[in-house]
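Notes follow the structure.
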Amino acid sequence: MTVGNSTPTSAAFLSTLKRDLLIAYRRKNDVVNPFMFFFIVVSLFPIAISPDADKLGEIAAGVLWIAALLAGMLSMDSLFRADYEDGSLEQLLLSPHPLYFMVLAKNISHWLVSGLPVVLVSPVLAYMLNLPAESYMTLFLTLLLGTPVLSLLGSIGVALTVGLGSRGLILAVITLPMNVPVLITGTLAVQQTLNGATLAFYLAILGAMLLASIALAPLASAAALRISVN
Amino acid sequence: MTVGNSTPTSAAFLSTLKRDLLIAYRRKNDVVNPFMFFFIVVSLFPIAISPDADKLGEIAAGVLWIAALLAGMLSMDSLFRADYEDGSLEQLLLSPHPLYFMVLAKNISHWLVSGLPVVLVSPVLAYMLNLPAESYMTLFLTLLLGTPVLSLLGSIGVALTVGLGSRGLILAVITLPMNVPVLITGTLAVQQTLNGATLAFYLAILGAMLLASIALAPLASAAALRISVN
Amino acid sequence: MLSAANLFCERDDRVLFQGLNFDIEEGQVLQIVGSNGSGKTTLMRILCGLNDGYKGMISWYGEEISEQIENFYQSLLYIGHRVGVNKVLTPIENLRWGCSLQAQLEDEQLMEALSTVGLRGFEESQCFTLSAGQQQRVSLAKLLVSPAKLWVLDEPFTTLDLRAVQHLENLVAAHADAGGAVMITTHHDLKITNLSKLDLG
Amino acid sequence: MLSAANLFCERDDRVLFQGLNFDIEEGQVLQIVGSNGSGKTTLMRILCGLNDGYKGMISWYGEEISEQIENFYQSLLYIGHRVGVNKVLTPIENLRWGCSLQAQLEDEQLMEALSTVGLRGFEESQCFTLSAGQQQRVSLAKLLVSPAKLWVLDEPFTTLDLRAVQHLENLVAAHADAGGAVMITTHHDLKITNLSKLDLG
Amino acid sequence: MLNAIQFSSFSEFLNMGGYAFNVWSVYGLFTIFLGANLLVPMFKKKQILKDLKRRRVVNKNARPEINE
Amino acid sequence: MWLWFSKLGSPKWFYELSGRWLPWLVAAMFAFLFVGVVWALLFVPQDYQQGLTNRIFYVHVPVASISLAFFPLMAIAGTITLVWKMKLADIVVKTAAPLGAWFTAFALASGSIWGIDTWGTWWIWDGRLTSLLFQFFLLIGVVSLRSALEDSDAAAKACALLSIVGCINVVVIKYSVDWWNTLHQPGTDFVLSSNKANGPDIWVPLVLMIGAVYLFFAVSMIMSTRNEILERERRSQWVEELVDNL
Ligand code: HEM
Ligand SMILES: Nc1ncnc2c1ncn2[C@@H]1O[C@H](COP(=O)(O)OP(=O)(O)OP(=O)(O)O)[C@@H](O)[C@H]1O
Ligand SMILES: Nc1ncnc2c1ncn2[C@@H]1O[C@H](COP(=O)(O)OP(=O)(O)OP(=O)(O)O)[C@@H](O)[C@H]1O
Ligand SMILES: [Mg+2]
Ligand SMILES: [Mg+2]
């Protein structure tokens, strides 16, 4: 028995984060697809609604938010699935560290890989949809604060459904309604700052949501994982 | 060995259709979820864009089409998955009947279960989104002709990816672009008939697409299935 | 009836078999033996047309198989590692569909087959409530009613208990006696007269 | 060290075990035997806290286990049916993460462990290119470097070849000699002195 | 305290002051809503008891083993 | 108290007790319903603004207000399931979800039909309507999750957790939707109960109907709960005896 020093939780957290990023790097699809999906869904709107720049400009913020929300939610499925299937999830549950941090590490890595690219590309798509130029910053910042909330909430749903053989759309049906408050805040921010409201107020609300969901969502996900692995 | 009469293809077709409908009846989720997803996604738009009836009316047709497309595509995943996993798909491939008909039967059952409810509820949602009343019929008919095309095209993508462990959004990225022509025709029909164009023209186009995809898509799906099962 | 000439198969750059020649005739039971990963399943799937990653010639009653795939499939019954039993359907519904692709049968015949394999009383329970062995039995009930002459069975004994194993062996022997042919893999010793073996190493 | 008192477990209305009492002490190897579906896996998962559908009392060094779950997990190594090897990572990356949850180890130690289990040369290949047996070995490499005192191994011999089986048996014996404890299920006969058995029927 | 009946004839009652469709469809749905949630559990109970009875009989008689 | 609590958790005890209560509850329900409906339809005076559509009030309001109670109820039962593993609590979570979906759906439907004349439209994206719609979606989510999970133990816990999370969400959604709506449509208030002040003619039948709907809720829940108990306890001695005595 070659025994090393026992690991502090911070090291276990970092190691889990690094592992998940490494896996994402190897499975490039997981990185590229949410981004592509976002792009494709957004580009359906000029086709389906109207190529008219003014009309697009009015709906741009909402469309971008909804597309980001869908892309985020649909990419969530891969958060725990592979780990569930190969048994790594059990190893995670059996680690001597609070599951909260392990789940948080996985959430962070997942958002970095599938949420952040969407946020980063959003100004480009906002331009293509003719969003008023004053709103770029608002959109970008609200997405930056909002998409992690969506990920954290989504991860509860994923954790609940990871054991299901056939999932289909159940994840969406469970998690989409939960995302409504974030969606409202994000899109209101874009509209109201155009009418002169201060951005700081909305950012504060989103920030509060982010903090609350960082504090609580991983706990719920952890509990859900224990249930699913049972 | 108790031997019955050998089966005509029509009987095998009906038997497969009946089986799939029965499975759908047992797994009520597969029926309810696409429908709920459609409903939820549509209700996100008033929230994200504007609850104002006039504004909603302008985008209603496009929103309904895109939501129907997404619901159809995301529900496709269950088309062959359970059969692949329990080995029924192999039995289907080994049947003495042309695979074309077997795939067609599965497609029809899947559309009846997940596409038709969406089409049927679309007038209600059209009302809620304040679509101009003259367009209800157009929307309904174009969806009725268009969603089976989306299903048939989607089934090719599903057949190609059914063997993949982690699918995530790859199905969406493959099939969404294929669906653009249907989307264009459907939404143009709604807009142009409001401007006085005749509906028959668009229905003819969609009808032609439907016939072509009935003739060809199951062939492609069948070929894709043979590859995936390999 | 089924013969393979000069079969060659390679997977992941590893040759599984090459220059493989064999025939199965009416009345014959052919057991394919070999260690794990030696290619037994792969060979069976190749013969059934589920895998085309091979070189060589497979023929059915002397003619190339792809020329008359429908005749072949009309006479073939394949039960693989995944047995083709849908979890939400009941045994009778599963059997009804499974058979309907090859033959039109009455429900009484199917019910009888199910009770012969020991599923009386379970005909109407959904299959996910059955144990693994009972699910396996649902797929084996097909053997009783199928018109197929060639049975291809990939490890059919897994999860079966001793009495069921015995019953299945009798069934295989009876099928061969009645002029059918059986191709089977198992790590278990078959007590069947007139058994031939094909060793994949 | 680990003891269970009056354990009761029921699944799908079938009682798997009841009134089960046993202890595992340092230096002991406990083999759990029983037919398929008798509840071996379920018992192990209950003991590890992966399943809470049971009644009864499990204690770790005399105290109730839920009171000191972190100490317990610091001393536990569980390898189940699903071995916890990610397919796209390489063996060394898998091992690095798997161990990092319990102990901080140098890469050299990990490399050495991998070559001891016969994976020299494969350290940098992604695991989906490895055979099932080699993947199993990746998970077993953890046994060499883990600080855990209690090993819980659920059918660790599946897919291993004879030499690897021998090696693993030696490892288990050595761990017990060094004061560890091992709980193991297998249908295979263990050649280990000082083996106790728990029969679930 | 009780008002008089608000309608002078049955047809007036049916007509509901011109709101027949709205009022009656709501009350119709209300009936369906109540009925469904009372009758379905009732029938389900019958079904369950029948099923339990059948299973009880089967469990007493059946040999879930292969018959040779 | 604790004894009572754990006894209530025992399915057999509940089955027997509720069996004795049920006929009375059913009788009371029909009595309330009959008097309430007749009164509401025949005797309530016409509203000066809404005319006779005010008859809808008497079914809409009871159902709509009870429908808001489902998530709190399920969250409480879910917490009991997770913490004390009480079987009966899980049965409540299980039977409440579909019934809640029915209640919500009827509230939506009756409100919509009422709206045809009072607002001139079936539907507006108003805060209260939208939040009720999303509550409906969440309830369907709980029902779907239950039916998707085949293992009943996991399903129980998963739905309990989802009910708790969902309850928080219903609250958050309600507030955010109100905020969103009032910012956008300050004018769209309901033509609400100016009725309430109007004296006993108006509110007595309402009270009767509220009583009737509560009784209906109780009766339906108890009936489904009893069914569920029969199915879950089918191997237990007392159910076998009950079946044998049929
Ligand atoms: C789809 C449309 C509607 C929905 C979803 C809906 C929903 C609700 C809900 C959830 C409540 C319960 C509120 C509570 O107890 O706090 C309620 C109460 C009520 N609704 Fe509706 N409603 C709708 C349409 C209408 C219409 C058109 C009217 C009349 C013009 C109306 C009049 C009332 C009244 C008078 C109450 C009682 C108010 C109170 O107790 O505070 N509703 N409705
Ligand atoms: N999908 C696949 N892709 C690539 N290689 C594969 C695949 N499936 C199997 N192989 C390889 O083909 C070889 C033969 O596999 P096969 O399943 O035919 O073995 P087998 O003899 O049936 O073994 P067992 O006794 O375990 O069933 C194995 O070495 C395996 O690595
Ligand atoms: N997820 C599950 N849900 C319900 N019942 C289950 C589940 N998993 C297993 N069971 C039941 O529990 C019993 C014990 O299963 P378990 O996996 O513990 O058996 P085992 O002794 O490990 O068998 P094996 O030797 O095949 O590994 C089986 O009868 C099975 O039907
Ligand atoms: Mg094999
Ligand atoms: Mg096991």
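If you're wondering about the labels, chains in the structure tokens are A, B, ... by order shown, residues count from 1 in each chain, ligands from 1 in order shown.
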
For stretch 98-100 of chain A, work out the shell of residues within 8 Å, counting only C-alpha atoms and skipping chain neighbours fewer than 4 positions away, then give it as number ranges by chain.
A: 9, 92-93, 104, 218-219, 222

Would you mind listing, as JSON, numbers by chain, all residues of chain C that have at least one atom within 9 Å of chain B, where only C-alpha atoms are what counts?
{"C": [45, 48, 49, 50, 51, 52, 53, 69, 70, 71, 72, 73, 74, 75, 76, 77, 78, 79, 80, 81, 82, 83, 84, 85, 86, 87, 88, 89, 93, 94, 96, 97, 98, 100, 101, 102, 103, 104, 105, 106, 109, 143, 144, 145, 146, 147, 148, 175, 178]}

For a quick test of understanding: name the residues of chain F lying within 7 Å of chain A when counting only C-alpha atoms, and present them as a PDB file with all heavy atoms, in the first residue's frame.
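Writing the result to result_38.pdb gives the following:
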```
ATOM      1  N   PHE F 134     -47.738  28.275 -15.910  1.00  0.00           N
ATOM      2  CA  PHE F 134     -46.464  27.613 -15.636  1.00  0.00           C
ATOM      3  C   PHE F 134     -46.578  26.648 -14.457  1.00  0.00           C
ATOM      4  O   PHE F 134     -45.875  25.636 -14.418  1.00  0.00           O
ATOM      5  CB  PHE F 134     -45.348  28.636 -15.466  1.00  0.00           C
ATOM      6  CG  PHE F 134     -44.775  29.037 -16.782  1.00  0.00           C
ATOM      7  CD1 PHE F 134     -45.246  30.153 -17.450  1.00  0.00           C
ATOM      8  CD2 PHE F 134     -43.809  28.268 -17.391  1.00  0.00           C
ATOM      9  CE1 PHE F 134     -44.753  30.499 -18.690  1.00  0.00           C
ATOM     10  CE2 PHE F 134     -43.317  28.608 -18.639  1.00  0.00           C
ATOM     11  CZ  PHE F 134     -43.789  29.731 -19.285  1.00  0.00           C
ATOM     12  N   PHE F 137     -47.585  23.563 -16.099  1.00  0.00           N
ATOM     13  CA  PHE F 137     -46.443  22.878 -16.724  1.00  0.00           C
ATOM     14  C   PHE F 137     -45.629  22.121 -15.685  1.00  0.00           C
ATOM     15  O   PHE F 137     -45.215  20.978 -15.896  1.00  0.00           O
ATOM     16  CB  PHE F 137     -45.534  23.876 -17.442  1.00  0.00           C
ATOM     17  CG  PHE F 137     -46.167  24.535 -18.626  1.00  0.00           C
ATOM     18  CD1 PHE F 137     -45.739  25.786 -19.053  1.00  0.00           C
ATOM     19  CD2 PHE F 137     -47.197  23.927 -19.322  1.00  0.00           C
ATOM     20  CE1 PHE F 137     -46.323  26.410 -20.144  1.00  0.00           C
ATOM     21  CE2 PHE F 137     -47.783  24.541 -20.412  1.00  0.00           C
ATOM     22  CZ  PHE F 137     -47.332  25.789 -20.822  1.00  0.00           C
ATOM     23  N   LEU F 138     -45.379  22.771 -14.547  1.00  0.00           N
ATOM     24  CA  LEU F 138     -44.558  22.104 -13.532  1.00  0.00           C
ATOM     25  C   LEU F 138     -45.250  20.862 -12.988  1.00  0.00           C
ATOM     26  O   LEU F 138     -44.598  19.840 -12.728  1.00  0.00           O
ATOM     27  CB  LEU F 138     -44.254  23.066 -12.389  1.00  0.00           C
ATOM     28  CG  LEU F 138     -43.081  24.008 -12.654  1.00  0.00           C
ATOM     29  CD1 LEU F 138     -43.060  25.135 -11.653  1.00  0.00           C
ATOM     30  CD2 LEU F 138     -41.767  23.246 -12.577  1.00  0.00           C
ATOM     31  N   GLY F 141     -44.804  18.192 -15.297  1.00  0.00           N
ATOM     32  CA  GLY F 141     -43.437  17.695 -15.152  1.00  0.00           C
ATOM     33  C   GLY F 141     -43.341  16.666 -14.035  1.00  0.00           C
ATOM     34  O   GLY F 141     -42.715  15.622 -14.196  1.00  0.00           O
ATOM     35  N   SER F 144     -44.951  13.478 -15.206  1.00  0.00           N
ATOM     36  CA  SER F 144     -44.118  12.760 -16.187  1.00  0.00           C
ATOM     37  C   SER F 144     -42.950  12.082 -15.509  1.00  0.00           C
ATOM     38  O   SER F 144     -42.591  10.964 -15.860  1.00  0.00           O
ATOM     39  CB  SER F 144     -43.500  13.691 -17.226  1.00  0.00           C
ATOM     40  OG  SER F 144     -44.382  14.609 -17.687  1.00  0.00           O
ATOM     41  N   LEU F 149     -40.020   7.101 -14.195  1.00  0.00           N
ATOM     42  CA  LEU F 149     -39.158   6.302 -13.331  1.00  0.00           C
ATOM     43  C   LEU F 149     -39.876   5.007 -12.999  1.00  0.00           C
ATOM     44  O   LEU F 149     -40.951   5.020 -12.416  1.00  0.00           O
ATOM     45  CB  LEU F 149     -38.850   7.072 -12.052  1.00  0.00           C
ATOM     46  CG  LEU F 149     -37.848   8.193 -12.196  1.00  0.00           C
ATOM     47  CD1 LEU F 149     -37.863   9.089 -10.982  1.00  0.00           C
ATOM     48  CD2 LEU F 149     -36.455   7.641 -12.390  1.00  0.00           C
ATOM     49  N   ALA F 154     -37.222   5.047  -6.091  1.00  0.00           N
ATOM     50  CA  ALA F 154     -36.520   6.199  -6.649  1.00  0.00           C
ATOM     51  C   ALA F 154     -37.527   7.241  -7.114  1.00  0.00           C
ATOM     52  O   ALA F 154     -37.336   8.441  -6.911  1.00  0.00           O
ATOM     53  CB  ALA F 154     -35.627   5.759  -7.807  1.00  0.00           C
ATOM     54  N   LYS F 157     -38.785   9.344  -4.195  1.00  0.00           N
ATOM     55  CA  LYS F 157     -37.870  10.368  -3.692  1.00  0.00           C
ATOM     56  C   LYS F 157     -37.649  11.454  -4.727  1.00  0.00           C
ATOM     57  O   LYS F 157     -37.579  12.643  -4.394  1.00  0.00           O
ATOM     58  CB  LYS F 157     -36.536   9.721  -3.331  1.00  0.00           C
ATOM     59  CG  LYS F 157     -36.657   8.879  -2.084  1.00  0.00           C
ATOM     60  CD  LYS F 157     -35.298   8.405  -1.654  1.00  0.00           C
ATOM     61  CE  LYS F 157     -35.347   6.980  -1.202  1.00  0.00           C
ATOM     62  NZ  LYS F 157     -34.106   6.268  -1.410  1.00  0.00           N
ATOM     63  N   ALA F 158     -37.535  11.049  -5.992  1.00  0.00           N
ATOM     64  CA  ALA F 158     -37.284  12.051  -7.030  1.00  0.00           C
ATOM     65  C   ALA F 158     -38.450  13.027  -7.110  1.00  0.00           C
ATOM     66  O   ALA F 158     -38.250  14.244  -7.185  1.00  0.00           O
ATOM     67  CB  ALA F 158     -37.061  11.363  -8.377  1.00  0.00           C
ATOM     68  N   ASN F 169     -40.059  27.247  -6.924  1.00  0.00           N
ATOM     69  CA  ASN F 169     -40.136  27.857  -8.241  1.00  0.00           C
ATOM     70  C   ASN F 169     -41.476  28.488  -8.531  1.00  0.00           C
ATOM     71  O   ASN F 169     -41.539  29.532  -9.170  1.00  0.00           O
ATOM     72  CB  ASN F 169     -39.855  26.802  -9.301  1.00  0.00           C
ATOM     73  CG  ASN F 169     -38.427  26.853  -9.698  1.00  0.00           C
ATOM     74  OD1 ASN F 169     -38.049  27.783 -10.386  1.00  0.00           O
ATOM     75  ND2 ASN F 169     -37.644  25.930  -9.233  1.00  0.00           N
ATOM     76  N   VAL F 172     -41.350  31.801  -6.983  1.00  0.00           N
ATOM     77  CA  VAL F 172     -40.484  32.740  -7.706  1.00  0.00           C
ATOM     78  C   VAL F 172     -41.123  33.133  -9.030  1.00  0.00           C
ATOM     79  O   VAL F 172     -41.134  34.319  -9.410  1.00  0.00           O
ATOM     80  CB  VAL F 172     -39.098  32.110  -7.947  1.00  0.00           C
ATOM     81  CG1 VAL F 172     -38.236  33.051  -8.747  1.00  0.00           C
ATOM     82  CG2 VAL F 172     -38.434  31.783  -6.632  1.00  0.00           C
ATOM     83  N   ILE F 173     -41.696  32.152  -9.708  1.00  0.00           N
ATOM     84  CA  ILE F 173     -42.313  32.456 -10.992  1.00  0.00           C
ATOM     85  C   ILE F 173     -43.456  33.444 -10.795  1.00  0.00           C
ATOM     86  O   ILE F 173     -43.593  34.416 -11.531  1.00  0.00           O
ATOM     87  CB  ILE F 173     -42.827  31.170 -11.666  1.00  0.00           C
ATOM     88  CG1 ILE F 173     -41.662  30.320 -12.138  1.00  0.00           C
ATOM     89  CG2 ILE F 173     -43.714  31.512 -12.857  1.00  0.00           C
ATOM     90  CD1 ILE F 173     -42.062  28.948 -12.636  1.00  0.00           C
ATOM     91  N   SER F 176     -42.022  36.900 -10.226  1.00  0.00           N
ATOM     92  CA  SER F 176     -41.343  37.493 -11.373  1.00  0.00           C
ATOM     93  C   SER F 176     -42.347  37.782 -12.479  1.00  0.00           C
ATOM     94  O   SER F 176     -42.242  38.808 -13.163  1.00  0.00           O
ATOM     95  CB  SER F 176     -40.229  36.575 -11.858  1.00  0.00           C
ATOM     96  OG  SER F 176     -40.758  35.360 -12.284  1.00  0.00           O
ATOM     97  N   TRP F 180     -43.034  41.329 -14.137  1.00  0.00           N
ATOM     98  CA  TRP F 180     -42.905  41.480 -15.579  1.00  0.00           C
ATOM     99  C   TRP F 180     -44.181  42.088 -16.156  1.00  0.00           C
ATOM    100  O   TRP F 180     -44.139  43.008 -16.962  1.00  0.00           O
ATOM    101  CB  TRP F 180     -42.638  40.085 -16.158  1.00  0.00           C
ATOM    102  CG  TRP F 180     -42.971  39.878 -17.591  1.00  0.00           C
ATOM    103  CD1 TRP F 180     -42.281  40.328 -18.662  1.00  0.00           C
ATOM    104  CD2 TRP F 180     -44.072  39.125 -18.097  1.00  0.00           C
ATOM    105  NE1 TRP F 180     -42.874  39.903 -19.805  1.00  0.00           N
ATOM    106  CE2 TRP F 180     -43.973  39.167 -19.497  1.00  0.00           C
ATOM    107  CE3 TRP F 180     -45.117  38.413 -17.524  1.00  0.00           C
ATOM    108  CZ2 TRP F 180     -44.889  38.521 -20.318  1.00  0.00           C
ATOM    109  CZ3 TRP F 180     -46.011  37.773 -18.343  1.00  0.00           C
ATOM    110  CH2 TRP F 180     -45.906  37.834 -19.723  1.00  0.00           C
TER     111      TRP F 180
END
```

Using only C-alpha atoms, which chain F residues lie at most 10 Å away from chain D, written as a PDB file with N, CA and C atoms, in the first residue's frame?
```
ATOM      1  N   ASP F 151     -38.628   2.415 -11.154  1.00  0.00           N
ATOM      2  CA  ASP F 151     -38.377   1.962  -9.794  1.00  0.00           C
ATOM      3  C   ASP F 151     -39.163   2.847  -8.833  1.00  0.00           C
ATOM      4  N   SER F 152     -40.094   2.259  -8.080  1.00  0.00           N
ATOM      5  CA  SER F 152     -41.030   3.112  -7.362  1.00  0.00           C
ATOM      6  C   SER F 152     -40.367   3.854  -6.211  1.00  0.00           C
ATOM      7  N   ASP F 153     -39.340   3.284  -5.633  1.00  0.00           N
ATOM      8  CA  ASP F 153     -38.680   3.951  -4.518  1.00  0.00           C
ATOM      9  C   ASP F 153     -37.960   5.205  -5.000  1.00  0.00           C
ATOM     10  N   ALA F 154     -37.222   5.047  -6.091  1.00  0.00           N
ATOM     11  CA  ALA F 154     -36.520   6.199  -6.649  1.00  0.00           C
ATOM     12  C   ALA F 154     -37.527   7.241  -7.114  1.00  0.00           C
ATOM     13  N   ARG F 232     -49.892  -1.008  -3.396  1.00  0.00           N
ATOM     14  CA  ARG F 232     -48.583  -1.141  -2.778  1.00  0.00           C
ATOM     15  C   ARG F 232     -48.553  -2.231  -1.725  1.00  0.00           C
ATOM     16  N   GLU F 233     -49.685  -2.418  -1.055  1.00  0.00           N
ATOM     17  CA  GLU F 233     -49.701  -3.378   0.051  1.00  0.00           C
ATOM     18  C   GLU F 233     -50.256  -4.716  -0.403  1.00  0.00           C
ATOM     19  N   ARG F 234     -50.207  -4.949  -1.748  1.00  0.00           N
ATOM     20  CA  ARG F 234     -50.938  -6.126  -2.216  1.00  0.00           C
ATOM     21  C   ARG F 234     -50.392  -7.420  -1.645  1.00  0.00           C
ATOM     22  N   ARG F 235     -49.137  -7.423  -1.223  1.00  0.00           N
ATOM     23  CA  ARG F 235     -48.605  -8.673  -0.655  1.00  0.00           C
ATOM     24  C   ARG F 235     -48.896  -8.815   0.830  1.00  0.00           C
ATOM     25  N   SER F 236     -49.415  -7.743   1.439  1.00  0.00           N
ATOM     26  CA  SER F 236     -49.542  -7.817   2.881  1.00  0.00           C
ATOM     27  C   SER F 236     -50.777  -8.629   3.245  1.00  0.00           C
TER      28      SER F 236
END
```

So that I can check the surroundings of B:Val119, please list as a PyMOL selection string every protein, DNA and RNA residue that reaches within 12 Å of it, counting only C-alpha atoms and ignoring chain neighbours fewer than 3 positions away.
chain B and resi 34-35+38-39+64-65+67-69+71-72+111-116+122-126+136-148

What residues in chain C lie within 6 Å of chain E, counting only C-alpha atoms, written as a PyMOL selection string?
chain C and resi 116-118

Just the selected residues (N, CA, C and O atoms), exported as a PDB file, in the first residue's frame, please.
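Okay, this is what ended up in again.pdb:
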```
ATOM      1  N   THR C 116     -45.964 -22.941 -22.174  1.00  0.00           N
ATOM      2  CA  THR C 116     -44.956 -23.993 -22.255  1.00  0.00           C
ATOM      3  C   THR C 116     -43.613 -23.541 -21.695  1.00  0.00           C
ATOM      4  O   THR C 116     -42.912 -24.314 -21.062  1.00  0.00           O
ATOM      5  N   VAL C 117     -43.241 -22.273 -21.934  1.00  0.00           N
ATOM      6  CA  VAL C 117     -41.957 -21.816 -21.390  1.00  0.00           C
ATOM      7  C   VAL C 117     -42.115 -21.317 -19.952  1.00  0.00           C
ATOM      8  O   VAL C 117     -41.201 -20.709 -19.408  1.00  0.00           O
ATOM      9  N   GLY C 118     -43.252 -21.581 -19.357  1.00  0.00           N
ATOM     10  CA  GLY C 118     -43.372 -21.295 -17.922  1.00  0.00           C
ATOM     11  C   GLY C 118     -43.791 -19.884 -17.601  1.00  0.00           C
ATOM     12  O   GLY C 118     -43.504 -19.381 -16.532  1.00  0.00           O
TER      13      GLY C 118
END
```

Excluding D:His167 and any residue of its chain fewer than 4 positions from it, enumerate the residues within 12 Å of it, using only C-alpha atoms, and give them as a list in words.
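The residues satisfying every condition are Thr116, Val117, Gly118, Arg137, Leu140, Ala141, Leu143, Leu144, Pro156, Phe157, Leu160, Asp161, Leu162, Arg163, Leu171, Val172, Ala173, Ala174 and Lys191 of chain D.
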
Which residues are near ligand 4 in this structure, taking near to mean any atom at most 10 Å from a ligand atom and counting only C-alpha atoms and all ligand atoms? Format them as an MDAnalysis selection string.
chainID C and resid 34:45 80:81 154:155 185:186

Export of the given selection (C-alpha atoms) as a compact mmCIF listing (two decimals), in the first residue's frame:
```
# COMPACT_ATOMS: atom_id res chain seq x y z
CA GLY C 34 -13.95 -19.75 -28.62
CA SER C 35 -12.74 -17.55 -25.82
CA ASN C 36 -14.19 -14.15 -25.07
CA GLY C 37 -13.57 -11.69 -27.85
CA SER C 38 -12.67 -14.39 -30.31
CA GLY C 39 -15.43 -13.30 -32.66
CA LYS C 40 -18.35 -15.65 -32.08
CA THR C 41 -20.94 -12.93 -31.95
CA THR C 42 -19.34 -11.16 -34.86
CA LEU C 43 -19.48 -14.32 -36.98
CA MET C 44 -23.13 -14.89 -36.24
CA ARG C 45 -24.04 -11.33 -37.07
CA GLY C 80 -28.79 -12.31 -29.93
CA HIS C 81 -27.28 -10.93 -26.74
CA ASP C 154 -26.15 -16.35 -29.29
CA GLU C 155 -25.64 -17.50 -25.70
CA THR C 185 -22.79 -20.28 -29.00
CA THR C 186 -22.42 -21.10 -25.36
```

Can you pull out every residue within 6 Å of F:Trp122, counting only C-alpha atoms, but drop anything in the same chain fewer than 5 positions away, and send it as a list in words?
Ser112, Gly115 and Ile116 of chain F

Throw together the list of residues within 9 Å of ligand 1, counting only C-alpha atoms and all ligand atoms, and drop it here as JSON, numbers by chain.
{"F": [50, 53, 54, 56, 57, 60, 61, 62, 63, 64, 65, 66, 67, 68, 104, 105, 106, 107, 108, 109, 110, 111, 112, 113, 114, 115, 116, 117, 118, 119, 121, 122, 123, 124, 126, 128, 129, 130, 131, 132, 133, 190, 191, 192, 193, 194, 195, 196]}

Taking the DSSP secondary structure from the backbone, can you list the residues of stretch 3-187 of chain C that are strand (DSSP E or B), as a PyMOL selection string?
chain C and resi 3-11+14-24+29-33+54-60+63-64+76-79+103-104+150-154+181-185
